[in-house]
Protein chains: 2
Amino acid sequence: MERVQTLFNIKYPVIAGGMVWCSGWKLASAVSNAGGLGLIGAGSMHPETLVEHIRKTQQATDKPFGVNVPLLYPEQEKIMEIIVSEGVKIVFTSAGSPKKWTQFLHDHGIVVTHVVSSAAFAEKSEAAGVDAIVAEGFEAGGHEGREETTTMALIPSVRKATGLPLIAAGGIGCGQQMLAAMALGADGVQIGSLFAASEESSAHEAFKKTIVETGEGGTKLMLKQLAPVRLIKNEFYKKVEEAELRGASVDELKELLGKGRAKKGMFEGDLFEGELEIGQVASIINRVEPVAEIMKRLIVDYNSSLEQISKKVFVM
Amino acid sequence: MERVQTLFNIKYPVIAGGMVWCSGWKLASAVSNAGGLGLIGAGSMHPETLVEHIRKTQQATDKPFGVNVPLLYPEQEKIMEIIVSEGVKIVFTSAGSPKKWTQFLHDHGIVVTHVVSSAAFAEKSEAAGVDAIVAEGFEAGGHEGREETTTMALIPSVRKATGLPLIAAGGIGCGQQMLAAMALGADGVQIGSLFAASEESSAHEAFKKTIVETGEGGTKLMLKQLAPVRLIKNEFYKKVEEAELRGASVDELKELLGKGRAKKGMFEGDLFEGELEIGQVASIINRVEPVAEIMKRLIVDYNSSLEQISKKVFVM
């Protein structure tokens, strides 16, 4: 059994990323019920909304689940209080220092995983006492590191940098990619895009349809001067591209981005003016499916790919 | 035996990329003698230099080897004539249309592999009649596709798009990464950076030392308005970065780049003003070694990683 399965007490070492506007109670509980670890994405929730989603997840599954908290969130203290008082046992922190909350969460018996995009931050996270690491590559959706290191290049480096259970993220949308992540040294995988497009995702149906229609080269990492984010190439993307090509200032870019763009696109379904965050694997997602189907195919394909590759030993 | 081994008649499905200023007869013959496929990089050679390198390779090995020809090369016709008249049996073409030379090369009994960075171009290459495909991800060194698709995301898509023997490139610098590439569906791997830093590489020693010293996040894909190229972050890189941030025009960027930058950096060892092309895996390259040692470790690590992962079957 992989260490990730033992740490979280789950059947498969598959975590569903806690994505803004996608990861509500329906998705989190469906993933946990399917044998993975579902995460609620607190990054797009007001405190009272988070309480509601935690309680509904607890009603919908008796399996372990967690909450993802981006540490740049304005109401952090309140969110952390809710996590403790509502009895959440697993927290994934991201976009901030792992030093800030790890001790507090440990004091309340909560398992802490921190998301990084470099081996250097994996080391810092281990020093801060976290229990596991998610290492996320350039091909992932949403917000990312500035180094632009891909999952292929990143995982072996992080594996050397830390002895902690390691979860690979970015570019994982099928069994072959899951197997590749494990071959690179990961103990498990975190999957975003595939679950963002699932039936149980709380994203707008129009956004899910757009994910399915997104082809090869259909996303790009933009807004690197603010916080780098991978976007589907829609009308809003084109405005950002035009601004960046003419050397727009940070202030201009901030104004262009404005507030609530991700909600507008991903939750309200405004495909033109909204910010549509997704990973490169959107290109291999061909339909909106229930989580149970997605998980089953993932594990079946992983196992059959493993069987195939097992024969490929090279005689020295 | 993998199809790539059968096609090229080699022991291991490991191809050394035909890199400008690195891939001369010494590197090509060393890789072929070590059981892989060595390629001479014609992209940085005048026709008479190429003749010399082909003849020296033929003297230094009785194993198969090939020549890489970037199809934007000004003296293409002459290069192709030399390849035929000197009895080269394997050609890798890149940076251009696979339609142009495939028939000509086939007429002379030469095996043709084309390098692509998307599934769409893999399909076009198959339609053009090539014998194998190299699919190269965003993390690779040197020149790249505009889609920025990483190896992890790219290989399963290309695998679906074509039935041809498939060679993965980009982000492969150790046995774990080679195993991951095979797990993604590749029949073999093309490795650049690791061999660029080998003892037998014709690159300047100062450039090899810089590769060894390059850490995490030490490279970036630049000059996307001209031909995207992954560079080590030296003084020349900083000038490009500054120009791109202020929205410099294509003409300005062309003038900044000038002529002979790659030669200056990689062959003449000017670490400040030269263009230093390398892949993200430079961060895991820790020493300059003979090719035979590199190949041995690669295969040993591949086999031991395969043995480890073979046990990781998931019970449904």
# chains A, B, ... in the order shown; residues from 1 in each chain; ligands from 1

call {"tool": "closest_atom_pairs", "arguments": {"of": "region 273-311 of chain B", "to": "region 145-148 of chain A", "cutoff": "12 Å", "atoms": "only C-alpha atoms", "output": "JSON lines"}}
result
{"residue": "B:Gly279", "atom": "CA", "partner": "A:Glu148", "partner_atom": "CA", "distance": 11.9}
{"residue": "B:Gln280", "atom": "CA", "partner": "A:Glu148", "partner_atom": "CA", "distance": 9.2}
{"residue": "B:Ser283", "atom": "CA", "partner": "A:Glu147", "partner_atom": "CA", "distance": 11.7}

call {"tool": "residues_around", "arguments": {"residues": "Ala128 (chain B)", "least_positions_apart": "5", "cutoff": "10 Å", "atoms": "only C-alpha atoms", "output": "list in words"}}
result
Ser97, Pro98, Lys99, Lys100, Trp101, Thr102, Gln103, His114, Ala122 and Glu123 of chain B

call {"tool": "residues_around", "arguments": {"residues": "Glu241 (chain A)", "least_positions_apart": "4", "cutoff": "8 Å", "atoms": "only C-alpha atoms", "output": "list in words"}}
result
Met222, Tyr237 and Leu245 of chain A

call {"tool": "residues_around", "arguments": {"residues": "region 249-261 of chain A", "least_positions_apart": "6", "cutoff": "12 Å", "atoms": "only C-alpha atoms", "output": "VMD selection string"}}
result
(chain A and resid 20 to 21 44 222 to 229 231 236 to 243 267 to 277) or (chain B and resid 245 to 247)

call {"tool": "closest_residue", "arguments": {"among": "B:Val84, B:Ile54, B:Ala60, B:Ala119", "to": "chain A", "atoms": "only C-alpha atoms"}}
result
B:Ala119

call {"tool": "select_by_dssp", "arguments": {"residues": "region 47-223 of chain B", "states": "strand (DSSP E)", "output": "number ranges by chain"}}
result
B: 65-70, 90-94, 111-116, 132-136, 142-143, 166-169, 188-191, 219-222

call {"tool": "atom_distance", "arguments": {"atom1": "CA of Lys56 (chain B)", "atom2": "CA of Leu27 (chain B)"}}
result
11.1 Å

call {"tool": "residues_around", "arguments": {"residues": "Ile309 (chain A)", "least_positions_apart": "4", "cutoff": "9 Å", "atoms": "only C-alpha atoms", "output": "PDB file with C-alpha atoms, in the first residue's frame"}}
result
ATOM      1  CA  SER A 304      -3.318  -2.346 -17.780  1.00  0.00           C
ATOM      2  CA  SER A 305      -0.532   0.122 -18.635  1.00  0.00           C
ATOM      3  CA  VAL A 313      13.072  -4.726 -18.984  1.00  0.00           C
TER       4      VAL A 313
ATOM      5  CA  LEU B 179      10.332   4.865 -17.499  1.00  0.00           C
ATOM      6  CA  MET B 182       7.499   4.637 -21.737  1.00  0.00           C
ATOM      7  CA  ALA B 183       4.515   4.541 -19.350  1.00  0.00           C
ATOM      8  CA  LEU B 306      10.470  -0.694 -13.264  1.00  0.00           C
ATOM      9  CA  SER B 310       5.720  -3.483 -10.935  1.00  0.00           C
TER      10      SER B 310
END

call {"tool": "residues_around", "arguments": {"residues": "Lys78 (chain A)", "least_positions_apart": "3", "cutoff": "12 Å", "atoms": "only C-alpha atoms", "output": "list in words"}}
result
Ala42, Met45, His46, Pro47, Glu48, Leu50, Val51, Val69, Tyr73, Pro74, Glu75, Glu81, Ile82, Ile83, Val84, Ser85 and Glu86 of chain A

call {"tool": "closest_residue", "arguments": {"among": "A:Ser118, A:Thr214, A:Ser23, A:Ser201", "to": "chain B", "atoms": "only C-alpha atoms"}}
result
A:Ser118

call {"tool": "residues_around", "arguments": {"residues": "Ile278 (chain B)", "least_positions_apart": "6", "cutoff": "9 Å", "atoms": "only C-alpha atoms", "output": "ChimeraX atom specification"}}
result
/B:140-142,192-193,196,211,219,229-232

call {"tool": "write_last_selection", "arguments": {"atoms": "C-alpha atoms", "output": "PDB file, in the first residue's frame"}}
result
ATOM      1  CA  ALA B 140      13.119  20.335 -23.789  1.00  0.00           C
ATOM      2  CA  GLY B 141      16.095  22.523 -24.608  1.00  0.00           C
ATOM      3  CA  GLY B 142      16.576  24.386 -27.848  1.00  0.00           C
ATOM      4  CA  GLY B 192      19.462  15.971 -25.264  1.00  0.00           C
ATOM      5  CA  SER B 193      20.739  17.846 -22.203  1.00  0.00           C
ATOM      6  CA  ALA B 196      25.152  17.847 -24.247  1.00  0.00           C
ATOM      7  CA  ILE B 211      24.823  23.008 -17.405  1.00  0.00           C
ATOM      8  CA  THR B 219      16.041  27.968 -17.727  1.00  0.00           C
ATOM      9  CA  VAL B 229      13.924  28.619 -27.476  1.00  0.00           C
ATOM     10  CA  ARG B 230      14.733  27.447 -23.932  1.00  0.00           C
ATOM     11  CA  LEU B 231      17.668  29.390 -22.491  1.00  0.00           C
ATOM     12  CA  ILE B 232      19.839  29.333 -19.396  1.00  0.00           C
TER      13      ILE B 232
END

call {"tool": "closest_residue", "arguments": {"among": "A:Ala153, A:Val4, A:Met178, A:Ala169", "to": "chain B", "atoms": "only C-alpha atoms"}}
result
A:Ala153

call {"tool": "select_by_dssp", "arguments": {"residues": "region 39-227 of chain A", "states": "alpha helix (DSSP H)", "output": "PyMOL selection string"}}
result
chain A and resi 47-60+76-85+99-107+119-127+151-161+175-183+193-196+205-213
